>>> print(open('entry_28.csv').read())   # CSV, C-alpha atoms
chain,number,residue,atom,x,y,z
A,1,MET,CA,145.8,164.6,122.8
A,2,ALA,CA,145.7,165.7,119.1
A,3,LYS,CA,142.8,168.0,118.2
A,4,ARG,CA,140.0,166.6,116.1
A,5,CYS,CA,139.3,168.1,112.7
A,6,TYR,CA,137.0,171.1,113.1
A,7,TYR,CA,134.8,169.8,110.3
A,8,GLU,CA,134.5,166.5,112.0
A,9,VAL,CA,133.7,168.2,115.3
A,10,LEU,CA,130.7,170.0,113.7
A,11,GLY,CA,129.8,167.0,111.5
A,12,VAL,CA,129.9,168.8,108.2
A,13,ALA,CA,131.8,168.4,104.9
A,14,ARG,CA,134.7,170.6,104.0
A,15,ALA,CA,132.7,172.1,101.1
A,16,CYS,CA,129.7,172.9,103.3
A,17,SER,CA,128.0,176.3,102.9
A,18,GLU,CA,127.9,179.0,105.6
A,19,SER,CA,124.3,178.3,106.3
A,20,ASP,CA,125.0,174.5,106.7
A,21,LEU,CA,127.9,175.4,109.0
A,22,LYS,CA,125.7,177.6,111.2
A,23,SER,CA,122.9,175.1,111.3
A,24,ALA,CA,125.2,172.3,112.4
A,25,PHE,CA,126.8,174.5,115.1
A,26,ARG,CA,123.5,175.6,116.5
A,27,LYS,CA,122.2,172.1,116.6
A,28,GLN,CA,125.2,170.8,118.6
A,29,ALA,CA,125.5,173.8,120.8
A,30,MET,CA,121.9,173.6,121.9
A,31,GLN,CA,122.4,169.9,122.7
A,32,LEU,CA,125.7,170.4,124.6
A,33,HIS,CA,124.9,173.7,126.3
A,34,PRO,CA,125.9,173.6,130.1
A,35,ASP,CA,122.4,174.8,131.1
A,36,LYS,CA,121.0,171.7,129.5
A,37,ASN,CA,123.6,169.4,130.9
A,38,PRO,CA,124.3,170.7,134.4
A,39,GLY,CA,127.3,169.0,136.0
A,40,ASP,CA,128.2,167.1,132.9
A,41,LYS,CA,132.0,167.7,132.4
A,42,HIS,CA,132.1,165.7,129.2
A,43,ALA,CA,129.3,167.8,127.6
A,44,GLU,CA,131.0,171.0,128.8
A,45,ALA,CA,134.3,169.9,127.1
A,46,LYS,CA,132.4,169.1,123.9
A,47,PHE,CA,130.6,172.4,124.0
A,48,LYS,CA,133.9,174.3,124.2
A,49,GLU,CA,135.3,172.1,121.3
A,50,VAL,CA,132.2,172.9,119.2
A,51,ASN,CA,132.6,176.7,120.0
A,52,GLU,CA,136.2,176.7,119.0
A,53,ALA,CA,135.6,174.9,115.7
A,54,TYR,CA,132.8,177.2,114.7
A,55,GLN,CA,134.7,180.4,115.7
A,56,VAL,CA,137.4,179.4,113.2
A,57,LEU,CA,135.3,178.0,110.4
A,58,SER,CA,132.7,180.8,110.5
A,59,ASP,CA,135.4,183.4,109.8
A,60,GLU,CA,136.3,183.4,106.1
A,61,GLN,CA,140.0,184.2,106.6
A,62,LYS,CA,140.5,181.8,109.5
A,63,ARG,CA,138.7,179.0,107.5
A,64,SER,CA,140.9,179.6,104.5
A,65,ALA,CA,144.0,179.4,106.7
A,66,TYR,CA,142.7,176.2,108.4
A,67,ASP,CA,142.0,174.5,105.1
A,68,ARG,CA,145.6,175.2,104.0
A,69,PHE,CA,147.6,174.5,107.2
A,70,GLY,CA,145.2,172.8,109.6
A,71,HIS,CA,145.6,173.4,113.4
A,72,ALA,CA,149.1,174.6,112.8
A,73,ALA,CA,147.7,177.9,111.4
A,74,PHE,CA,146.7,178.9,114.9
A,75,GLU,CA,149.6,177.7,117.0
A,76,HIS,CA,151.7,180.3,118.8
A,77,GLY,CA,148.8,182.8,118.9
A,78,GLY,CA,148.3,182.7,115.2
A,79,GLY,CA,145.0,184.5,115.1
A,80,GLY,CA,142.7,182.0,116.8
A,81,GLY,CA,142.6,178.4,118.0
A,82,ALA,CA,142.9,177.4,121.6
A,83,GLY,CA,145.7,179.9,122.3
A,84,GLY,CA,144.0,182.9,120.9
A,85,PHE,CA,140.4,181.9,121.0
A,86,GLY,CA,138.3,185.0,120.6
A,87,MET,CA,134.6,185.8,120.6
A,88,GLY,CA,133.9,188.0,117.6
A,89,GLU,CA,130.6,189.7,116.8
A,90,GLY,CA,129.5,186.9,114.4
A,91,PHE,CA,130.1,184.3,117.1
A,92,ALA,CA,128.3,186.4,119.7
A,93,ALA,CA,125.3,186.8,117.4
A,94,SER,CA,125.2,183.1,116.8
A,95,MET,CA,125.3,182.4,120.5
A,96,ALA,CA,122.5,184.9,121.0
A,97,ASP,CA,120.4,183.0,118.4
A,98,ILE,CA,121.1,179.8,120.3
A,99,PHE,CA,120.1,181.4,123.6
A,100,ASP,CA,116.9,182.5,122.0
A,101,ASP,CA,116.2,178.9,121.0
A,102,LEU,CA,116.9,177.7,124.4
A,103,PHE,CA,115.2,180.4,126.5
A,104,GLY,CA,113.3,182.6,124.0
A,105,ASP,CA,109.9,181.5,125.1
A,106,VAL,CA,110.7,181.9,128.8
A,107,MET,CA,112.4,185.3,128.3
A,108,GLY,CA,109.6,186.8,126.3
A,109,GLY,CA,109.8,185.6,122.7
A,110,ARG,CA,112.2,186.0,119.7
A,111,ARG,CA,114.3,188.9,118.9
A,112,GLY,CA,113.1,191.3,116.2
A,113,ARG,CA,112.2,194.8,115.6
A,114,SER,CA,108.8,195.8,116.9
A,115,THR,CA,106.4,197.7,114.7
A,116,GLY,CA,104.4,199.1,117.7
A,117,ARG,CA,101.2,197.6,116.2
A,118,GLU,CA,99.7,194.7,118.1
A,119,ARG,CA,97.2,192.3,116.7
A,120,GLY,CA,93.7,192.6,118.2
A,121,ALA,CA,92.3,189.9,120.4
A,122,ASP,CA,90.0,187.1,119.0
A,123,LEU,CA,86.4,187.2,120.0
A,124,ARG,CA,83.9,184.4,120.7
A,125,TYR,CA,80.2,184.6,120.2
A,126,ASN,CA,77.8,181.8,121.3
A,127,MET,CA,74.7,181.5,119.0
A,128,GLU,CA,71.8,179.1,119.5
A,129,ILE,CA,69.5,178.2,116.6
A,130,THR,CA,66.5,176.0,116.2
A,131,LEU,CA,66.5,172.7,114.3
A,132,GLU,CA,64.3,174.3,111.7
A,133,GLU,CA,66.8,177.1,111.2
A,134,ALA,CA,69.6,174.5,110.8
A,135,PHE,CA,67.4,172.7,108.2
A,136,ARG,CA,66.7,175.8,106.2
A,137,GLY,CA,69.8,177.9,106.9
A,138,LYS,CA,69.6,181.5,107.8
A,139,THR,CA,71.2,184.9,107.7
A,140,ALA,CA,71.7,186.1,111.3
A,141,SER,CA,72.3,189.7,112.4
A,142,LEU,CA,74.7,190.1,115.3
A,143,LYS,CA,75.4,193.1,117.5
A,144,ILE,CA,78.8,192.6,119.1
A,145,PRO,CA,80.5,195.0,121.6
A,146,THR,CA,84.1,195.2,120.4
A,147,SER,CA,87.1,197.4,120.0
A,148,VAL,CA,87.3,199.2,116.7
A,149,SER,CA,89.9,201.4,115.2
A,150,CYS,CA,89.7,205.0,116.4
A,151,ASP,CA,88.3,207.3,113.6
A,152,VAL,CA,89.9,210.4,115.0
A,153,CYS,CA,93.5,209.2,114.9
A,154,ALA,CA,93.1,206.5,112.2
A,155,GLY,CA,94.3,204.0,114.7
A,156,SER,CA,97.7,205.6,115.3
A,157,GLY,CA,97.0,206.6,118.9
A,158,ALA,CA,98.6,210.0,118.3
A,159,LYS,CA,96.8,213.3,118.4
A,160,ALA,CA,95.8,214.8,115.1
A,161,GLY,CA,98.8,216.6,113.6
A,162,SER,CA,101.3,214.4,115.4
A,163,LYS,CA,102.6,210.9,115.1
A,164,PRO,CA,104.2,208.3,117.3
A,165,LYS,CA,108.0,208.6,117.7
A,166,THR,CA,110.6,205.9,117.7
A,167,CYS,CA,111.5,204.9,121.2
A,168,SER,CA,114.9,206.3,122.1
A,169,THR,CA,115.6,203.6,124.7
A,170,CYS,CA,115.4,200.6,122.3
A,171,GLY,CA,115.8,202.4,119.0
A,172,GLY,CA,112.4,201.1,117.9
A,173,ALA,CA,113.3,197.4,118.4
A,174,GLY,CA,110.9,197.1,121.3
A,175,ARG,CA,113.5,195.0,123.1
A,176,VAL,CA,116.6,195.8,125.2
A,177,ARG,CA,119.5,193.5,125.8
A,178,ALA,CA,121.6,192.9,128.9
A,179,GLN,CA,125.0,191.2,128.7
A,180,GLN,CA,125.7,188.3,131.0
A,181,GLY,CA,129.1,186.8,130.2
A,182,PHE,CA,129.1,186.1,126.5
A,183,PHE,CA,125.3,185.7,126.5
A,184,SER,CA,122.8,188.4,125.8
A,185,ILE,CA,119.4,188.4,127.5
A,186,GLU,CA,116.6,190.3,125.9
A,187,ARG,CA,113.5,191.7,127.5
A,188,ALA,CA,110.7,194.0,126.5
A,189,CYS,CA,111.7,197.7,126.5
A,190,PRO,CA,110.5,199.3,129.8
A,191,ALA,CA,110.0,202.7,128.1
A,192,CYS,CA,107.7,201.6,125.3
A,193,HIS,CA,106.5,198.3,126.7
A,194,GLY,CA,107.8,196.4,123.6
A,195,ARG,CA,106.0,198.6,121.0
A,196,GLY,CA,109.1,200.3,119.7
A,197,GLU,CA,107.2,203.6,119.7
A,198,VAL,CA,106.2,206.2,122.2
A,199,ILE,CA,103.4,208.8,121.9
A,200,ASP,CA,104.0,212.3,123.3
A,201,ASN,CA,100.6,213.6,122.4
A,202,PRO,CA,98.0,210.9,122.7
A,203,CYS,CA,94.7,211.1,120.9
A,204,PRO,CA,92.0,212.5,123.3
A,205,ASN,CA,89.3,210.2,121.8
A,206,CYS,CA,91.1,206.9,122.5
A,207,ALA,CA,93.7,208.0,125.1
A,208,GLY,CA,96.5,206.8,122.8
A,209,ALA,CA,95.3,203.2,122.4
A,210,GLY,CA,94.3,203.7,118.7
A,211,ARG,CA,90.9,202.0,119.3
A,212,VAL,CA,87.6,202.5,121.1
A,213,THR,CA,84.8,200.2,122.3
A,214,ARG,CA,81.7,200.2,120.2
A,215,ASP,CA,78.8,198.0,119.3
A,216,ARG,CA,79.2,196.6,115.8
A,217,SER,CA,76.6,194.9,113.6
A,218,LEU,CA,77.5,191.9,111.5
A,219,SER,CA,75.5,189.7,109.1
A,220,VAL,CA,76.4,186.0,109.3
A,221,ASN,CA,75.4,183.3,106.9
A,222,ILE,CA,74.4,180.1,108.6
A,223,PRO,CA,74.4,177.3,105.9
A,224,ALA,CA,71.6,174.7,105.7
A,225,GLY,CA,72.6,171.4,107.4
A,226,ILE,CA,74.9,173.0,109.9
A,227,GLU,CA,75.4,170.8,113.0
A,228,ASP,CA,75.5,171.4,116.7
A,229,GLY,CA,79.0,172.5,117.9
A,230,THR,CA,80.1,173.9,114.6
A,231,ARG,CA,82.5,176.8,114.8
A,232,ILE,CA,82.4,179.6,112.2
A,233,ARG,CA,85.5,181.8,111.8
A,234,LEU,CA,85.2,185.3,110.5
A,235,THR,CA,88.7,186.6,109.7
A,236,GLY,CA,89.5,190.1,110.8
A,237,GLU,CA,86.1,190.6,112.6
A,238,GLY,CA,87.6,190.5,116.1
A,239,GLU,CA,89.0,193.3,118.1
A,240,ALA,CA,90.9,196.0,116.3
A,241,GLY,CA,94.6,195.9,116.6
A,242,LEU,CA,96.4,198.3,118.9
A,243,ARG,CA,97.7,201.4,117.1
A,244,GLY,CA,96.8,200.3,113.6
A,245,GLY,CA,97.7,196.6,114.1
A,246,PRO,CA,95.8,193.8,112.3
A,247,SER,CA,92.4,192.9,113.7
A,248,GLY,CA,91.7,189.6,115.5
A,249,ASP,CA,89.2,187.0,114.3
A,250,LEU,CA,85.6,186.4,115.4
A,251,TYR,CA,84.6,182.8,116.3
A,252,ILE,CA,80.9,181.9,116.3
A,253,PHE,CA,80.1,178.7,118.2
A,254,LEU,CA,76.7,177.3,117.2
A,255,SER,CA,74.4,175.2,119.3
A,256,VAL,CA,71.1,173.7,118.1
A,257,LYS,CA,68.2,173.7,120.5
A,258,PRO,CA,66.7,170.3,121.5
A,259,HIS,CA,63.6,169.6,119.4
A,260,PRO,CA,60.3,168.4,121.0
A,261,PHE,CA,59.8,165.7,118.3
A,262,PHE,CA,63.0,165.0,116.4
A,263,GLN,CA,66.4,163.7,117.5
A,264,ARG,CA,69.3,164.2,115.1
A,265,GLU,CA,72.1,161.8,114.2
A,266,GLY,CA,74.3,163.4,111.6
A,267,ALA,CA,72.0,164.1,108.6
A,268,ASP,CA,69.3,161.6,109.8
A,269,LEU,CA,66.3,162.4,112.0
A,270,HIS,CA,64.5,160.1,114.4
A,271,CYS,CA,60.9,160.5,115.7
A,272,ARG,CA,58.8,158.4,118.0
A,273,ALA,CA,55.2,158.1,117.0
A,274,PRO,CA,52.5,156.4,119.1
A,275,ILE,CA,50.1,154.1,117.3
A,276,THR,CA,47.0,152.4,118.7
A,277,MET,CA,46.8,148.7,119.5
A,278,VAL,CA,44.3,148.3,116.7
A,279,GLN,CA,46.5,150.1,114.1
A,280,ALA,CA,49.4,147.9,115.2
A,281,ALA,CA,47.3,144.7,114.8
A,282,LEU,CA,45.3,145.5,111.7
A,283,GLY,CA,47.7,147.9,109.9
A,284,GLY,CA,46.8,151.3,108.5
A,285,GLU,CA,48.2,154.7,107.9
A,286,ILE,CA,49.5,157.5,110.1
A,287,LYS,CA,50.4,161.1,109.3
A,288,VAL,CA,53.4,162.8,110.6
A,289,HIS,CA,55.1,166.1,109.7
A,290,GLY,CA,58.7,166.5,108.6
A,291,VAL,CA,61.0,169.1,110.1
A,292,ASP,CA,60.1,171.4,107.2
A,293,GLY,CA,56.4,171.2,108.3
A,294,THR,CA,55.2,169.2,105.3
A,295,GLU,CA,52.8,166.2,105.9
A,296,ILE,CA,54.2,162.7,105.5
A,297,LYS,CA,52.0,159.6,105.2
A,298,VAL,CA,53.5,156.4,106.8
A,299,ARG,CA,52.1,153.0,106.0
A,300,VAL,CA,51.9,150.8,109.2
A,301,ASP,CA,52.1,147.1,108.4
A,302,GLU,CA,49.7,144.6,109.9
A,303,GLY,CA,51.1,143.1,113.1
A,304,THR,CA,53.6,146.0,113.8
A,305,GLN,CA,55.4,145.6,117.1
A,306,SER,CA,56.5,148.4,119.4
A,307,GLY,CA,59.9,149.7,118.4
A,308,ARG,CA,59.5,149.0,114.7
A,309,GLN,CA,61.1,151.7,112.6
A,310,PHE,CA,59.9,153.0,109.3
A,311,LYS,CA,62.4,154.7,107.0
A,312,ILE,CA,61.4,157.7,104.9
A,313,LYS,CA,64.2,158.3,102.5
A,314,GLY,CA,65.5,161.8,101.9
A,315,ARG,CA,63.3,163.5,104.5
A,316,GLY,CA,66.0,164.1,107.0
A,317,MET,CA,68.5,167.1,107.3
A,318,PRO,CA,70.4,168.5,104.3
A,319,VAL,CA,74.0,167.4,104.1
A,320,LEU,CA,76.2,170.5,104.6
A,321,ARG,CA,77.5,171.9,101.3
A,322,SER,CA,75.8,169.1,99.4
A,323,ARG,CA,72.5,168.5,97.5
A,324,ASP,CA,72.0,165.3,99.5
A,325,PHE,CA,69.6,164.8,102.4
A,326,GLY,CA,69.6,162.3,105.3
A,327,ASP,CA,66.6,160.0,106.1
A,328,LEU,CA,63.7,160.2,108.5
A,329,TYR,CA,63.1,157.3,110.8
A,330,ILE,CA,59.7,156.9,112.4
A,331,GLN,CA,59.7,154.5,115.4
A,332,ALA,CA,56.3,153.0,116.3
A,333,ASN,CA,55.4,152.9,119.9
A,334,VAL,CA,52.3,150.8,120.5
A,335,GLU,CA,50.0,152.4,123.0
A,336,THR,CA,48.2,150.3,125.6
A,337,PRO,CA,44.5,151.4,125.9
A,338,GLN,CA,43.6,153.2,129.1
A,339,ASN,CA,40.4,154.4,130.9
A,340,LEU,CA,38.4,151.6,129.2
A,341,THR,CA,34.6,151.5,129.5
A,342,LYS,CA,32.8,148.4,130.7
A,343,ARG,CA,31.9,147.4,127.1
A,344,GLN,CA,35.5,147.9,125.9
A,345,LYS,CA,36.7,145.7,128.7
A,346,GLU,CA,34.1,143.0,127.7
A,347,LEU,CA,35.2,143.2,124.1
A,348,LEU,CA,38.9,142.8,125.0
A,349,ALA,CA,38.0,139.8,127.3
A,350,GLU,CA,36.2,138.2,124.4
A,351,PHE,CA,39.2,138.8,122.2
A,352,GLU,CA,41.5,137.2,124.8
A,353,ASN,CA,39.2,134.2,125.0
A,354,GLU,CA,39.4,133.8,121.2
A,355,SER,CA,43.2,134.2,121.1
A,356,THR,CA,45.6,131.3,120.5
A,357,ASN,CA,49.3,130.8,120.5
A,358,LYS,CA,49.4,132.1,117.0
A,359,THR,CA,47.8,135.4,118.1
A,360,HIS,CA,50.6,136.2,120.5
A,361,PRO,CA,53.6,134.1,119.3
A,362,GLU,CA,56.2,136.3,121.0
A,363,SER,CA,54.8,136.1,124.5
A,364,THR,CA,53.8,132.5,124.1
A,365,GLY,CA,57.3,131.5,123.0
A,366,PHE,CA,59.0,133.6,125.7
A,367,PHE,CA,57.1,132.0,128.6
A,368,ALA,CA,57.3,128.5,127.2
A,369,LYS,CA,61.1,128.8,126.8
A,370,MET,CA,61.5,130.2,130.4
A,371,LYS,CA,59.5,127.3,131.8
A,372,ASP,CA,61.5,124.8,129.9
A,373,PHE,CA,64.8,126.4,131.0
A,374,PHE,CA,64.0,126.4,134.7
A,375,ASP,CA,62.6,122.8,134.6
A,376,LEU,CA,65.9,121.6,133.1
A,377,THR,CA,67.9,123.2,135.8
>>> encode(input="entry_28.csv", output="structure tokens")
Amino acid sequence: MAKRCYYEVLGVARACSESDLKSAFRKQAMQLHPDKNPGDKHAEAKFKEVNEAYQVLSDEQKRSAYDRFGHAAFEHGGGGGAGGFGMGEGFAASMADIFDDLFGDVMGGRRGRSTGRERGADLRYNMEITLEEAFRGKTASLKIPTSVSCDVCAGSGAKAGSKPKTCSTCGGAGRVRAQQGFFSIERACPACHGRGEVIDNPCPNCAGAGRVTRDRSLSVNIPAGIEDGTRIRLTGEGEAGLRGGPSGDLYIFLSVKPHPFFQREGADLHCRAPITMVQAALGGEIKVHGVDGTEIKVRVDEGTQSGRQFKIKGRGMPVLRSRDFGDLYIQANVETPQNLTKRQKELLAEFENESTNKTHPESTGFFAKMKDFFDLT
């Protein structure tokens, strides 16, 4: 069977760049790799075909010869092709890249030279504030036990007058490679544990870690209007990095304590206020206090029913990073009189005798409709 055009095999144009060629090769090789297609003979054959095409076209001299003479340039052992198919350094490097794509996460990450400096861990701090503090905003002072850079060695981990040395086992890369067939498998260097450096004379203050544990004080601004569950991120305020590496971040998780009078919904506040039966019937005025402590007068309409809400515009919570405010909703709960005296009972009995259907339209209508409903059925 005649060989297919190498450019066609890789799915690229003849004028493609080296980067386009490599990208196309990596894409196909990852899809056709035997480890991703176990037992698939067709995929294995295609994989070999792709390898052969890339081995030729990735070499400048071989590609030039192929462009002039086609497959004939490599017949009879002519420097490549199926008869003299070699695995050069460039090809091995590309295959190593593909192996990293396929198994890099499992085998411990990407290849690359280690700096020996590891990023510090992120920290979490749970803070509880009151609704009043969420309304006004506040500046909170925190004391957090954390790892900070060692002052004695300036975070290097090495004793004063010395410095870390490049690991001789990995040459400072932090990774060592083992050859298996034409694949290279990388793992963390066992001598330096992936840091790329070793310390012969560790700092006595931090035992070579480059950081020590210490309580650290921070000032955190809590903006007005902040809501329950908000997360504040302070970049670089986490644990110090190992041996001079960058610090992690500090995440503050805010929770707002339940309030004895107010329930919050976004920027709005809700409050239940009991009113007497007389106030509900005759109307009047009640006085409540907002979350800021100021007094608010609420006009109760005549004939107010339990559950009626009165809206006080702009007396809710501030909207975060805005000049706007939510609203305050006062829900009236009509209170039934208790512990009545004999005279009070007599007065209520007189009131009941004087009452008509117009006095209690809701209850009169409800029981009349119920009676009619069950009579019809």
>>> residues_around(input="entry_28.csv", residues="stretch 22-27 of chain A", least_positions_apart="4", cutoff="7 Å", atoms="all atoms listed in the file", output="PDB file with C-alpha atoms, in the frame of the given file")
ATOM      1  CA  LEU A  10     130.700 170.000 113.700  1.00  0.00           C
ATOM      2  CA  GLU A  18     127.900 179.000 105.600  1.00  0.00           C
ATOM      3  CA  GLN A  31     122.400 169.900 122.700  1.00  0.00           C
ATOM      4  CA  VAL A  50     132.200 172.900 119.200  1.00  0.00           C
ATOM      5  CA  TYR A  54     132.800 177.200 114.700  1.00  0.00           C
ATOM      6  CA  ILE A  98     121.100 179.800 120.300  1.00  0.00           C
TER       7      ILE A  98
END
>>> closest_residue(input="entry_28.csv", among="A:Asp67, A:Lys46, A:Arg177, A:Pro202", to="A:Ala160", atoms="only C-alpha atoms")
A:Pro202
>>> residues_around(input="entry_28.csv", residues="A:Pro190", least_positions_apart="2", cutoff="12 Å", atoms="all atoms listed in the file", output="list in words")
Cys167, Ser168, Thr169, Cys170, Ala173, Gly174, Arg175, Val176, Arg177, Glu186, Arg187, Ala188, Cys192, His193, Gly194, Arg195, Gly196, Glu197 and Val198 of chain A
>>> write_last_selection(input="entry_28.csv", atoms="C-alpha atoms", output="PDB file, in the coordinates of the input")
ATOM      1  CA  CYS A 167     111.500 204.900 121.200  1.00  0.00           C
ATOM      2  CA  SER A 168     114.900 206.300 122.100  1.00  0.00           C
ATOM      3  CA  THR A 169     115.600 203.600 124.700  1.00  0.00           C
ATOM      4  CA  CYS A 170     115.400 200.600 122.300  1.00  0.00           C
ATOM      5  CA  ALA A 173     113.300 197.400 118.400  1.00  0.00           C
ATOM      6  CA  GLY A 174     110.900 197.100 121.300  1.00  0.00           C
ATOM      7  CA  ARG A 175     113.500 195.000 123.100  1.00  0.00           C
ATOM      8  CA  VAL A 176     116.600 195.800 125.200  1.00  0.00           C
ATOM      9  CA  ARG A 177     119.500 193.500 125.800  1.00  0.00           C
ATOM     10  CA  GLU A 186     116.600 190.300 125.900  1.00  0.00           C
ATOM     11  CA  ARG A 187     113.500 191.700 127.500  1.00  0.00           C
ATOM     12  CA  ALA A 188     110.700 194.000 126.500  1.00  0.00           C
ATOM     13  CA  CYS A 192     107.700 201.600 125.300  1.00  0.00           C
ATOM     14  CA  HIS A 193     106.500 198.300 126.700  1.00  0.00           C
ATOM     15  CA  GLY A 194     107.800 196.400 123.600  1.00  0.00           C
ATOM     16  CA  ARG A 195     106.000 198.600 121.000  1.00  0.00           C
ATOM     17  CA  GLY A 196     109.100 200.300 119.700  1.00  0.00           C
ATOM     18  CA  GLU A 197     107.200 203.600 119.700  1.00  0.00           C
ATOM     19  CA  VAL A 198     106.200 206.200 122.200  1.00  0.00           C
TER      20      VAL A 198
END
>>> atom_distance(input="entry_28.csv", atom1="atom CA of A:Gln263", atom2="atom CA of A:Phe135")
13.0 Å
>>> residues_around(input="entry_28.csv", residues="A:Glu133", least_positions_apart="4", cutoff="12 Å", atoms="only C-alpha atoms", output="ChimeraX atom specification")
/A:127-129,137-140,221-228,254-257,259,291-292,317-318
>>> residues_near_point(input="entry_28.csv", point="(97.3, 212.8, 116.9)", cutoff="12 Å", atoms="all atoms listed in the file", output="list in words")
Cys150, Asp151, Val152, Cys153, Ala154, Gly155, Ser156, Gly157, Ala158, Lys159, Ala160, Gly161, Ser162, Lys163, Pro164, Lys165, Ile199, Asp200, Asn201, Pro202, Cys203, Pro204, Asn205, Cys206, Ala207, Gly208, Ala209, Gly210 and Arg243 of chain A
>>> atom_distance(input="entry_28.csv", atom1="atom CA of A:Tyr66", atom2="atom CA of A:Cys5")
9.8 Å
>>> atom_distance(input="entry_28.csv", atom1="atom CA of A:Phe261", atom2="atom CA of A:Ser322")
25.0 Å
>>> closest_residue(input="entry_28.csv", among="A:Arg264, A:Arg124, A:Lys3, A:Arg323", to="A:Arg231", atoms="all atoms listed in the file")
A:Arg124
>>> residues_around(input="entry_28.csv", residues="A:Val300", least_positions_apart="6", cutoff="10 Å", atoms="only C-alpha atoms", output="list in words")
Ile275, Gln279, Ala280, Ala281, Leu282, Gly283, Gly284, Glu285, Ile286, Arg308, Gln309, Phe310 and Ala332 of chain A
>>> closest_residue(input="entry_28.csv", among="A:Gly307, A:Gly293, A:Gly238, A:Pro258", to="A:Arg272", atoms="only C-alpha atoms")
A:Gly307
>>> closest_residue(input="entry_28.csv", among="A:Gly229, A:Arg315, A:Thr276, A:Gly172", to="A:Asp327", atoms="all atoms listed in the file")
A:Arg315
>>> closest_residue(input="entry_28.csv", among="A:Leu123, A:Met30, A:Val212, A:Met277", to="A:Thr235", atoms="only C-alpha atoms")
A:Leu123
>>> closest_residue(input="entry_28.csv", among="A:Leu250, A:Ala65, A:Val9, A:Leu348", to="A:Asn51", atoms="all atoms listed in the file")
A:Val9
